[in-house]
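Student: Please find final-v2.cif (mmCIF, C-alpha atoms) on the next line:
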data_start
loop_
_atom_site.label_atom_id
_atom_site.label_comp_id
_atom_site.auth_asym_id
_atom_site.auth_seq_id
_atom_site.Cartn_x
_atom_site.Cartn_y
_atom_site.Cartn_z
CA MET A 842 46.72 55.17 -59.48
CA ASN A 843 47.93 51.61 -60.18
CA LEU A 844 47.06 49.06 -57.50
CA PRO A 845 49.34 46.08 -56.78
CA TYR A 846 48.02 43.12 -58.76
CA GLN A 847 47.40 41.15 -55.52
CA LEU A 848 45.07 43.85 -54.16
CA PHE A 849 43.32 44.29 -57.53
CA ILE A 850 42.61 40.56 -57.85
CA ALA A 851 41.57 40.24 -54.16
CA LEU A 852 38.98 43.01 -54.56
CA ARG A 853 37.82 41.52 -57.87
CA TYR A 854 37.20 38.14 -56.19
CA LEU A 855 34.84 39.84 -53.72
CA LYS A 856 32.45 40.63 -56.56
CA SER A 857 29.79 38.44 -58.11
CA LYS A 858 30.58 36.45 -61.25
CA LYS A 859 27.87 38.16 -63.22
CA LYS A 860 28.58 41.66 -64.41
CA HIS A 861 27.11 44.67 -62.62
CA LYS A 862 25.81 42.59 -59.72
CA GLY A 863 28.07 44.22 -57.14
CA ILE A 864 29.43 42.33 -54.14
CA SER A 865 28.73 38.60 -54.04
CA VAL A 866 26.25 37.10 -51.59
CA ASN A 867 28.99 35.04 -49.90
CA THR A 868 31.00 38.19 -49.27
CA LEU A 869 27.96 39.95 -47.77
CA ILE A 870 27.17 37.00 -45.50
CA SER A 871 30.76 36.78 -44.25
CA ALA A 872 31.04 40.53 -43.66
CA GLY A 873 27.56 40.56 -42.06
CA GLY A 874 28.59 37.89 -39.56
CA VAL A 875 31.56 39.97 -38.45
CA ALA A 876 29.42 43.12 -38.31
CA VAL A 877 26.76 41.51 -36.10
CA GLY A 878 29.43 40.15 -33.74
CA VAL A 879 31.17 43.53 -33.46
CA MET A 880 27.89 45.39 -32.94
CA ALA A 881 26.67 42.98 -30.23
CA LEU A 882 29.99 43.14 -28.39
CA LEU A 883 30.12 46.95 -28.49
CA VAL A 884 26.57 47.39 -27.23
CA VAL A 885 27.07 44.96 -24.32
CA LEU A 886 30.38 46.55 -23.29
CA SER A 887 28.87 50.04 -23.53
CA VAL A 888 25.91 49.02 -21.35
CA MET A 889 28.27 47.51 -18.76
CA SER A 890 30.39 50.67 -18.82
CA GLY A 891 27.19 52.66 -18.27
CA PHE A 892 26.26 50.58 -15.22
CA HIS A 893 29.83 50.88 -13.88
CA GLU A 894 29.85 54.67 -14.29
CA ASP A 895 26.40 55.07 -12.75
CA LEU A 896 27.35 52.93 -9.76
CA GLN A 897 30.64 54.79 -9.31
CA ARG A 898 28.84 58.14 -9.49
CA LYS A 899 26.43 57.11 -6.74
CA ILE A 900 29.11 55.67 -4.46
CA LEU A 901 31.35 58.72 -4.82
CA GLY A 902 28.32 60.95 -4.41
CA VAL A 903 27.78 59.69 -0.86
CA ASN A 904 31.36 58.90 0.13
CA ALA A 905 34.48 61.01 -0.11
CA HIS A 906 37.30 60.23 -2.56
CA MET A 907 39.59 59.62 0.41
CA VAL A 908 39.40 59.50 4.20
CA VAL A 909 41.99 60.01 6.93
CA LEU A 910 41.33 57.83 9.98
CA ASP A 911 42.97 57.10 13.33
CA TYR A 912 43.81 53.60 14.55
CA LYS A 913 42.58 54.65 17.99
CA GLY A 914 39.06 55.11 16.61
CA ALA A 915 38.85 58.82 17.39
CA MET A 916 40.95 61.69 16.06
CA PRO A 917 41.66 64.53 18.52
CA ASP A 918 42.71 67.97 17.22
CA TYR A 919 41.81 67.21 13.62
CA GLN A 920 42.72 70.78 12.66
CA ASP A 921 46.39 69.85 13.10
CA VAL A 922 45.92 67.05 10.56
CA VAL A 923 44.16 69.45 8.19
CA LYS A 924 47.15 71.82 8.30
CA LYS A 925 49.46 68.98 7.19
CA ILE A 926 47.34 68.04 4.17
CA GLU A 927 46.15 71.48 3.06
CA GLY A 928 49.27 72.10 0.98
CA ASP A 929 48.65 69.12 -1.33
CA ASP A 930 47.72 70.34 -4.83
CA GLU A 931 45.50 67.32 -5.54
CA ILE A 932 43.19 67.98 -2.57
CA VAL A 933 40.25 70.26 -3.39
CA SER A 934 38.44 70.32 -0.05
CA TYR A 935 37.98 68.49 3.25
CA ALA A 936 35.27 67.86 5.85
CA PRO A 937 35.45 66.23 9.31
CA PHE A 938 32.93 63.52 10.18
CA VAL A 939 31.80 61.29 13.01
CA MET A 940 30.54 57.78 12.29
CA GLY A 941 28.85 55.20 14.49
CA GLN A 942 26.29 52.41 14.39
CA VAL A 943 22.94 53.07 16.05
CA MET A 944 19.36 51.86 16.18
CA ILE A 945 16.56 54.21 15.18
CA SER A 946 12.95 53.60 16.07
CA PHE A 947 9.56 55.12 15.38
CA GLY A 948 6.52 53.65 17.07
CA LYS A 949 6.98 49.89 17.02
CA ARG A 950 9.38 49.88 14.08
CA ALA A 951 13.17 49.89 14.42
CA HIS A 952 16.13 49.69 12.06
CA GLY A 953 19.91 49.53 12.50
CA VAL A 954 21.80 52.27 10.60
CA PHE A 955 25.08 54.16 10.36
CA LEU A 956 24.86 57.63 11.89
CA ARG A 957 27.23 60.10 10.25
CA GLY A 958 27.85 63.46 11.85
CA ILE A 959 28.73 66.15 9.31
CA ASP A 960 29.61 69.82 9.21
CA PRO A 961 26.75 71.36 7.17
CA ASP A 962 29.04 74.11 5.89
CA LEU A 963 31.84 71.78 4.69
CA GLU A 964 30.05 68.57 3.70
CA GLY A 965 28.83 69.98 0.38
CA LYS A 966 32.44 70.61 -0.64
CA ALA A 967 33.66 67.09 0.17
CA THR A 968 30.74 64.92 -1.02
CA ASP A 969 27.73 65.24 -3.33
CA VAL A 970 25.05 64.10 -0.90
CA ALA A 971 23.34 67.49 -1.21
CA ARG A 972 22.68 66.66 -4.87
CA PHE A 973 20.52 63.69 -3.81
CA MET A 974 18.34 65.65 -1.37
CA LYS A 975 14.62 65.26 -2.08
CA GLU A 976 13.39 67.27 0.89
CA GLY A 977 15.15 69.73 3.20
CA LYS A 978 18.79 70.89 3.22
CA PHE A 979 21.94 70.58 5.31
CA ALA A 980 21.41 73.94 7.03
CA ASP A 981 18.29 72.52 8.72
CA LEU A 982 20.46 70.13 10.78
CA LYS A 983 21.18 72.87 13.31
CA SER A 984 19.50 72.12 16.63
CA LYS A 985 16.11 73.80 17.13
CA ASP A 986 14.29 73.79 20.47
CA GLY A 987 17.03 71.55 21.83
CA ILE A 988 16.18 68.78 19.36
CA PRO A 989 18.92 68.13 16.76
CA GLY A 990 17.95 67.50 13.15
CA ILE A 991 18.56 64.34 11.18
CA ILE A 992 18.45 63.48 7.46
CA ILE A 993 17.48 59.94 6.42
CA GLY A 994 17.23 57.96 3.19
CA LYS A 995 13.96 57.55 1.31
CA GLU A 996 14.01 53.76 1.61
CA LEU A 997 14.51 53.99 5.37
CA ALA A 998 11.71 56.55 5.70
CA SER A 999 9.35 54.16 3.89
CA SER A 1000 10.36 51.11 5.95
CA ILE A 1001 9.71 52.75 9.35
CA GLY A 1002 6.87 54.98 8.11
CA VAL A 1003 8.16 58.49 8.85
CA PHE A 1004 7.97 61.86 7.11
CA LYS A 1005 9.78 65.16 7.32
CA GLY A 1006 9.08 66.79 10.69
CA ASP A 1007 8.55 63.54 12.62
CA LEU A 1008 10.50 62.80 15.80
CA ILE A 1009 12.49 59.56 15.85
CA THR A 1010 14.44 57.90 18.66
CA VAL A 1011 18.11 57.10 18.18
CA LEU A 1012 19.63 54.46 20.45
CA SER A 1013 23.33 53.69 20.84
CA PRO A 1014 24.28 50.32 22.38
CA VAL A 1015 27.41 51.92 23.81
CA GLY A 1016 26.59 54.10 26.81
CA LYS A 1017 27.54 54.62 30.43
CA ILE A 1018 28.13 51.88 32.96
CA GLY A 1019 25.35 51.70 35.56
CA PRO A 1020 24.55 49.45 38.52
CA LEU A 1021 22.97 46.93 36.16
CA GLY A 1022 25.72 47.09 33.53
CA MET A 1023 25.96 49.03 30.27
CA LEU A 1024 23.13 51.50 29.80
CA PRO A 1025 22.26 52.36 26.17
CA LYS A 1026 22.12 56.03 25.24
CA ILE A 1027 18.82 57.30 23.86
CA LYS A 1028 18.08 60.64 22.21
CA GLN A 1029 15.34 62.11 20.06
CA PHE A 1030 16.04 63.67 16.64
CA ARG A 1031 13.74 65.55 14.30
CA ILE A 1032 13.66 64.53 10.61
CA VAL A 1033 14.58 67.67 8.64
CA GLY A 1034 15.39 66.10 5.27
CA ILE A 1035 15.16 63.01 3.07
CA PHE A 1036 17.68 61.97 0.40
CA GLU A 1037 17.57 59.38 -2.38
CA VAL A 1038 20.87 58.17 -3.82
CA GLY A 1039 19.39 55.30 -5.80
CA MET A 1040 21.31 52.55 -3.98
CA PHE A 1041 19.42 50.48 -1.40
CA GLU A 1042 22.53 50.21 0.80
CA TYR A 1043 22.69 53.97 1.34
CA ASP A 1044 19.00 54.83 1.15
CA SER A 1045 18.16 52.37 3.93
CA ASN A 1046 21.28 52.28 6.11
CA LEU A 1047 22.68 55.82 6.33
CA VAL A 1048 21.45 58.83 8.32
CA LEU A 1049 23.10 62.25 8.71
CA THR A 1050 23.11 64.70 11.56
CA ASP A 1051 25.08 67.75 12.68
CA LEU A 1052 28.70 67.13 13.68
CA ARG A 1053 28.30 68.56 17.19
CA ALA A 1054 25.11 66.58 17.82
CA ALA A 1055 26.91 63.35 16.81
CA GLN A 1056 29.91 64.20 19.01
CA ASN A 1057 27.63 64.77 22.00
CA PHE A 1058 25.64 61.62 21.31
CA PHE A 1059 28.76 59.42 21.10
CA ASP A 1060 30.50 61.28 23.98
CA MET A 1061 33.41 62.22 21.71
CA LYS A 1062 33.74 65.80 23.00
CA GLY A 1063 35.79 67.59 20.31
CA ASP A 1064 37.08 64.42 18.60
CA VAL A 1065 36.07 63.18 15.14
CA THR A 1066 36.17 59.77 13.48
CA GLY A 1067 38.09 61.07 10.49
CA ILE A 1068 38.45 63.62 7.70
CA GLN A 1069 36.87 63.30 4.26
CA LEU A 1070 38.92 64.54 1.30
CA LYS A 1071 37.83 65.50 -2.22
CA LEU A 1072 40.43 65.18 -5.02
CA LYS A 1073 40.87 66.93 -8.36
CA ASP A 1074 41.39 63.62 -10.15
CA ILE A 1075 39.79 60.56 -8.55
CA TYR A 1076 42.07 58.21 -10.51
CA LYS A 1077 45.16 59.67 -8.83
CA ALA A 1078 43.83 58.52 -5.45
CA PRO A 1079 46.43 55.71 -4.91
CA VAL A 1080 49.34 58.10 -5.54
CA VAL A 1081 47.89 60.79 -3.26
CA ARG A 1082 47.13 58.19 -0.58
CA GLU A 1083 50.73 56.97 -0.45
CA ARG A 1084 52.00 60.55 -0.32
CA LEU A 1085 49.66 61.51 2.53
CA GLN A 1086 50.36 58.31 4.46
CA GLU A 1087 54.06 59.05 4.37
CA LYS A 1088 53.45 62.61 5.53
CA LEU A 1089 50.99 61.81 8.35
CA GLY A 1090 52.50 58.60 9.68
CA PHE A 1091 51.24 56.39 12.53
CA PRO A 1092 48.64 56.29 14.18
CA LEU A 1093 46.84 57.91 11.24
CA TYR A 1094 46.05 55.95 8.10
CA VAL A 1095 44.58 56.93 4.73
CA LYS A 1096 42.07 54.98 2.61
CA ASP A 1097 40.95 55.89 -0.90
CA TRP A 1098 37.69 55.08 -2.69
CA MET A 1099 39.30 52.27 -4.68
CA GLN A 1100 40.34 50.47 -1.49
CA MET A 1101 36.98 50.98 0.20
CA ASN A 1102 35.07 49.55 -2.79
CA LYS A 1103 37.72 47.17 -4.10
CA ASN A 1104 35.57 44.02 -4.14
CA LEU A 1105 32.67 45.67 -5.96
CA PHE A 1106 34.69 47.37 -8.70
CA SER A 1107 36.95 44.32 -9.14
CA ALA A 1108 33.85 42.16 -9.66
CA LEU A 1109 32.46 44.61 -12.24
CA LYS A 1110 35.79 44.72 -14.07
CA LEU A 1111 36.02 40.91 -14.12
CA GLU A 1112 32.42 40.63 -15.34
CA LYS A 1113 33.09 43.04 -18.19
CA PHE A 1114 36.22 41.09 -19.22
CA ALA A 1115 34.28 37.81 -19.05
CA MET A 1116 31.54 39.24 -21.30
CA PHE A 1117 34.21 40.42 -23.76
CA VAL A 1118 35.70 36.91 -23.92
CA ILE A 1119 32.29 35.25 -24.31
CA LEU A 1120 30.98 37.62 -26.98
CA ILE A 1121 34.22 37.60 -28.96
CA LEU A 1122 33.21 34.02 -29.77
CA ILE A 1123 30.49 35.49 -32.01
CA ILE A 1124 33.21 37.09 -34.13
CA LEU A 1125 35.17 33.83 -33.99
CA VAL A 1126 32.16 31.95 -35.38
CA ALA A 1127 31.80 34.62 -38.08
CA SER A 1128 35.42 34.04 -39.04
CA PHE A 1129 34.52 30.47 -40.06
CA ASN A 1130 32.31 32.01 -42.74
CA ILE A 1131 35.41 33.75 -44.06
CA VAL A 1132 37.38 30.47 -43.98
CA SER A 1133 34.67 28.55 -45.85
CA MET A 1134 34.21 31.33 -48.41
CA LEU A 1135 37.93 31.53 -49.13
CA ILE A 1136 38.22 27.73 -49.45
CA MET A 1137 35.34 27.77 -51.94
CA ASN A 1138 37.11 30.56 -53.81
CA VAL A 1139 40.34 28.58 -53.94
CA ILE A 1140 38.51 25.54 -55.35
CA GLU A 1141 36.57 27.69 -57.81
CA LYS A 1142 39.59 29.72 -58.95
CA LYS A 1143 42.03 26.83 -59.47
CA ARG A 1144 42.34 27.64 -63.17
CA GLU A 1145 42.97 31.37 -62.51
CA ILE A 1146 45.54 30.56 -59.82
CA ALA A 1147 47.34 28.20 -62.21
CA ILE A 1148 47.39 30.88 -64.94
CA LEU A 1149 48.80 33.46 -62.48
CA LYS A 1150 51.55 31.04 -61.47
CA THR A 1151 52.47 30.32 -65.09
CA MET A 1152 52.66 34.08 -65.63
CA GLY A 1153 55.20 34.37 -62.82
CA ALA A 1154 53.16 34.90 -59.67
CA THR A 1155 54.96 33.54 -56.59
CA ASP A 1156 53.47 31.44 -53.80
CA LYS A 1157 53.77 34.49 -51.57
CA GLY A 1158 51.84 36.57 -54.11
CA ILE A 1159 49.02 33.99 -54.30
CA MET A 1160 48.86 33.88 -50.48
CA THR A 1161 48.70 37.68 -50.38
CA ILE A 1162 45.70 37.72 -52.74
CA PHE A 1163 43.54 35.51 -50.52
CA MET A 1164 44.76 37.06 -47.27
CA MET A 1165 43.87 40.51 -48.61
CA GLN A 1166 40.48 39.20 -49.66
CA GLY A 1167 39.71 37.85 -46.16
CA LEU A 1168 41.13 40.95 -44.50
CA ALA A 1169 38.95 43.18 -46.68
CA ILE A 1170 35.87 41.23 -45.55
CA GLY A 1171 36.96 41.58 -41.90
CA ILE A 1172 37.56 45.33 -42.22
CA LEU A 1173 34.25 45.83 -44.04
CA GLY A 1174 32.36 43.91 -41.36
CA THR A 1175 34.20 45.73 -38.56
CA VAL A 1176 33.45 49.17 -40.02
CA VAL A 1177 29.76 48.33 -40.45
CA GLY A 1178 29.62 46.78 -36.96
CA VAL A 1179 31.30 49.79 -35.30
CA ALA A 1180 28.96 52.21 -37.08
CA GLY A 1181 25.91 50.09 -36.21
CA GLY A 1182 27.06 49.62 -32.60
CA TYR A 1183 27.64 53.35 -32.08
CA LEU A 1184 24.30 54.22 -33.67
CA LEU A 1185 22.44 51.69 -31.50
CA CYS A 1186 24.20 52.95 -28.34
CA TYR A 1187 23.29 56.53 -29.26
CA VAL A 1188 19.64 55.61 -29.80
CA LEU A 1189 19.45 53.63 -26.53
CA ASN A 1190 21.03 56.46 -24.56
CA THR A 1191 19.19 59.36 -26.20
CA TYR A 1192 15.68 58.01 -26.58
CA GLU A 1193 15.73 55.63 -23.56
CA ILE A 1194 13.97 52.88 -25.53
CA ILE A 1195 14.63 50.14 -22.96
CA LYS A 1196 12.84 51.07 -19.72
CA LEU A 1197 13.70 49.52 -16.35
CA PRO A 1198 11.54 49.32 -13.20
CA ALA A 1199 13.02 52.12 -11.08
CA ASP A 1200 11.89 50.55 -7.80
CA VAL A 1201 13.99 47.44 -8.54
CA TYR A 1202 17.07 48.77 -10.35
CA TYR A 1203 16.96 52.44 -9.29
CA LEU A 1204 17.44 53.22 -12.98
CA SER A 1205 14.64 54.41 -15.24
CA HIS A 1206 16.41 53.28 -18.42
CA LEU A 1207 19.35 51.22 -19.61
CA PRO A 1208 22.55 53.27 -19.03
CA VAL A 1209 24.96 53.37 -21.99
CA LYS A 1210 28.50 54.75 -21.97
CA THR A 1211 30.55 54.55 -25.18
CA LYS A 1212 34.29 54.38 -24.56
CA PHE A 1213 36.97 54.77 -27.21
CA SER A 1214 39.08 52.03 -25.59
CA ASP A 1215 36.21 49.51 -25.94
CA PHE A 1216 35.67 50.40 -29.60
CA LEU A 1217 39.39 50.16 -30.32
CA ALA A 1218 39.80 46.80 -28.54
CA VAL A 1219 36.79 45.26 -30.31
CA SER A 1220 37.81 46.60 -33.74
CA LEU A 1221 41.38 45.32 -33.44
CA SER A 1222 40.17 41.93 -32.15
CA ALA A 1223 37.74 41.53 -35.05
CA ILE A 1224 40.34 42.48 -37.67
CA ILE A 1225 43.00 40.19 -36.16
CA ILE A 1226 40.58 37.24 -35.99
CA SER A 1227 39.51 37.88 -39.59
CA PHE A 1228 43.14 38.01 -40.70
CA LEU A 1229 44.04 34.77 -38.91
CA ALA A 1230 41.06 33.09 -40.60
CA THR A 1231 42.70 33.71 -43.99
CA VAL A 1232 45.94 31.86 -43.25
CA TYR A 1233 44.81 28.27 -43.97
CA PRO A 1234 42.91 28.96 -47.23
CA ALA A 1235 45.77 31.17 -48.45
CA LEU A 1236 48.31 28.40 -47.78
CA GLN A 1237 46.16 25.92 -49.68
CA ALA A 1238 45.99 28.30 -52.63
CA ALA A 1239 49.77 28.82 -52.58
CA LYS A 1240 50.43 25.05 -52.58
CA LEU A 1241 48.27 24.49 -55.67
CA ASN A 1242 50.11 22.74 -58.51
CA PRO A 1243 49.48 24.77 -61.73
CA VAL A 1244 49.91 21.72 -63.98
CA GLU A 1245 46.74 19.86 -62.90
CA PRO A 1246 44.16 22.62 -63.58
CA LEU A 1247 45.73 23.42 -66.99
CA ARG A 1248 46.23 19.80 -68.17
CA TYR A 1249 42.89 19.62 -69.97
CA GLU A 1250 42.73 23.27 -71.09
#
Please, can you express the file's structure as structure tokens?

Tutor:
Amino acid sequence: MNLPYQLFIALRYLKSKKKHKGISVNTLISAGGVAVGVMALLVVLSVMSGFHEDLQRKILGVNAHMVVLDYKGAMPDYQDVVKKIEGDDEIVSYAPFVMGQVMISFGKRAHGVFLRGIDPDLEGKATDVARFMKEGKFADLKSKDGIPGIIIGKELASSIGVFKGDLITVLSPVGKIGPLGMLPKIKQFRIVGIFEVGMFEYDSNLVLTDLRAAQNFFDMKGDVTGIQLKLKDIYKAPVVRERLQEKLGFPLYVKDWMQMNKNLFSALKLEKFAMFVILILIILVASFNIVSMLIMNVIEKKREIAILKTMGATDKGIMTIFMMQGLAIGILGTVVGVAGGYLLCYVLNTYEIIKLPADVYYLSHLPVKTKFSDFLAVSLSAIIISFLATVYPALQAAKLNPVEPLRYE
């Protein structure tokens, strides 16, 4: 197969002057710079994607994909609401819940938490909290001997010094009005389970109890705070939310997981973009190696360029030679960098080489998640930067006057 003369010459210029020496050192250095930049960028983006996915998994493990709430604060006859949303194909399951802020105490220690009342039979279908249980199970929440059960986070259990089976006191600041003003409501609960999500916010500030026990404690009778919904596709949440909002109308309102965690996920997304911009500078610096190498080639190959022009090569043809040469270096470096980046990500994820203190980060190793979109974006960026680096040297080569180099030949 006959190659175009521009491509043949461009590939020939990548080789060393001496015969059988393979690719020149300058070519290897230029391609190596691009490869290192691509590899570093891919590993960092993959690690950040791993953190993002791990955080999202934990948040959606404790919270539902979507919740239906009432502006009044309490939702009476929630079964009527369930009937309106049951026909939606995107909704997998639902579970009612009651939520309120309380103070729990044991001995002389106290801590403010969110008390969530759940239906033990339905909660497992709407959230994944059961997956994080270290001791006990939801079925144990049923009241025994008149004392309702409660499940707390591991961090909270450590801070107030309790274990499974201990009795704790739950105090609500909102109670009945007495002669001396508002009287707080106090009730004892028995710890029947301990969970560990891996996020300090949940492990220290969330406790679960039976739905009926929570309704009685907050004097809500048969009302609930809202309904948790689990979706088939979590990324269709905004579309489903708008559809449900239109169907339910006021005074009900619907919130999805993206809205409830908007600040956190927006910050992570911005951080990942910022790291992409910063680390792409490594590839930009590597492109200067390509520029300097091509300029040296132009100076070194003045005689050859002049001969090509006298043989009929056009300025466009000369430009194409050097642009192909720089592009070949960029593609070579990108391919090596992508392969090296993927291999390093695989090793980090499989063999867990980089260990993290679990009590600080709640992760035993560095999480890595390779995404095709990241690899594609980095590869295209590297190739485009490498191509743009060839423009100036190629123009200089095209402008070369063939008379001067051949005057003394």

Student: One decimal, in Å: what's the spacing between atom CA of A:Val1080 and atom CA of A:Phe1117?

Tutor: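 If I compute the distance from atom CA of A:Val1080 to atom CA of A:Phe1117, I get 29.6 Å.
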
Student: So, with only C-alpha atoms as the atoms that count, which of A:Gly902, A:Pro1025, A:Gly914, A:Gly1182 lies closest to A:Thr1211?

Tutor: A:Gly1182

Student: How many Å separate atom CA of A:Val866 from atom CA of A:Leu1168?

Tutor: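 Interatomic distance here is 16.9 Å.
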
Student: Output the residue selection produced by the PyMOL selection byres ((chain A and resi 966) around 10) on the file above, formatted as a PyMOL selection string.

Tutor: chain A and resi 905+933-936+961-965+967-971+1069-1071

Student: Could you name the residues that touch stretch 1169-1180 of chain A at 9 Å or less, counting only C-alpha atoms, but leaving out those on the same chain fewer than 2 positions away, as a PyMOL selection string?

Tutor: chain A and resi 851-852+855+868-869+871-881+883+1128+1131+1164-1167+1182-1185+1216+1219-1221+1223-1228

Student: Save out the residues we just selected, C-alpha atoms, as a PDB file, keeping the file's coordinate frame.

Tutor:
ATOM      1  CA  ALA A 851      41.570  40.240 -54.160  1.00  0.00           C
ATOM      2  CA  LEU A 852      38.980  43.010 -54.560  1.00  0.00           C
ATOM      3  CA  LEU A 855      34.840  39.840 -53.720  1.00  0.00           C
ATOM      4  CA  THR A 868      31.000  38.190 -49.270  1.00  0.00           C
ATOM      5  CA  LEU A 869      27.960  39.950 -47.770  1.00  0.00           C
ATOM      6  CA  SER A 871      30.760  36.780 -44.250  1.00  0.00           C
ATOM      7  CA  ALA A 872      31.040  40.530 -43.660  1.00  0.00           C
ATOM      8  CA  GLY A 873      27.560  40.560 -42.060  1.00  0.00           C
ATOM      9  CA  GLY A 874      28.590  37.890 -39.560  1.00  0.00           C
ATOM     10  CA  VAL A 875      31.560  39.970 -38.450  1.00  0.00           C
ATOM     11  CA  ALA A 876      29.420  43.120 -38.310  1.00  0.00           C
ATOM     12  CA  VAL A 877      26.760  41.510 -36.100  1.00  0.00           C
ATOM     13  CA  GLY A 878      29.430  40.150 -33.740  1.00  0.00           C
ATOM     14  CA  VAL A 879      31.170  43.530 -33.460  1.00  0.00           C
ATOM     15  CA  MET A 880      27.890  45.390 -32.940  1.00  0.00           C
ATOM     16  CA  ALA A 881      26.670  42.980 -30.230  1.00  0.00           C
ATOM     17  CA  LEU A 883      30.120  46.950 -28.490  1.00  0.00           C
ATOM     18  CA  SER A1128      35.420  34.040 -39.040  1.00  0.00           C
ATOM     19  CA  ILE A1131      35.410  33.750 -44.060  1.00  0.00           C
ATOM     20  CA  MET A1164      44.760  37.060 -47.270  1.00  0.00           C
ATOM     21  CA  MET A1165      43.870  40.510 -48.610  1.00  0.00           C
ATOM     22  CA  GLN A1166      40.480  39.200 -49.660  1.00  0.00           C
ATOM     23  CA  GLY A1167      39.710  37.850 -46.160  1.00  0.00           C
ATOM     24  CA  GLY A1182      27.060  49.620 -32.600  1.00  0.00           C
ATOM     25  CA  TYR A1183      27.640  53.350 -32.080  1.00  0.00           C
ATOM     26  CA  LEU A1184      24.300  54.220 -33.670  1.00  0.00           C
ATOM     27  CA  LEU A1185      22.440  51.690 -31.500  1.00  0.00           C
ATOM     28  CA  PHE A1216      35.670  50.400 -29.600  1.00  0.00           C
ATOM     29  CA  VAL A1219      36.790  45.260 -30.310  1.00  0.00           C
ATOM     30  CA  SER A1220      37.810  46.600 -33.740  1.00  0.00           C
ATOM     31  CA  LEU A1221      41.380  45.320 -33.440  1.00  0.00           C
ATOM     32  CA  ALA A1223      37.740  41.530 -35.050  1.00  0.00           C
ATOM     33  CA  ILE A1224      40.340  42.480 -37.670  1.00  0.00           C
ATOM     34  CA  ILE A1225      43.000  40.190 -36.160  1.00  0.00           C
ATOM     35  CA  ILE A1226      40.580  37.240 -35.990  1.00  0.00           C
ATOM     36  CA  SER A1227      39.510  37.880 -39.590  1.00  0.00           C
ATOM     37  CA  PHE A1228      43.140  38.010 -40.700  1.00  0.00           C
TER      38      PHE A1228
END
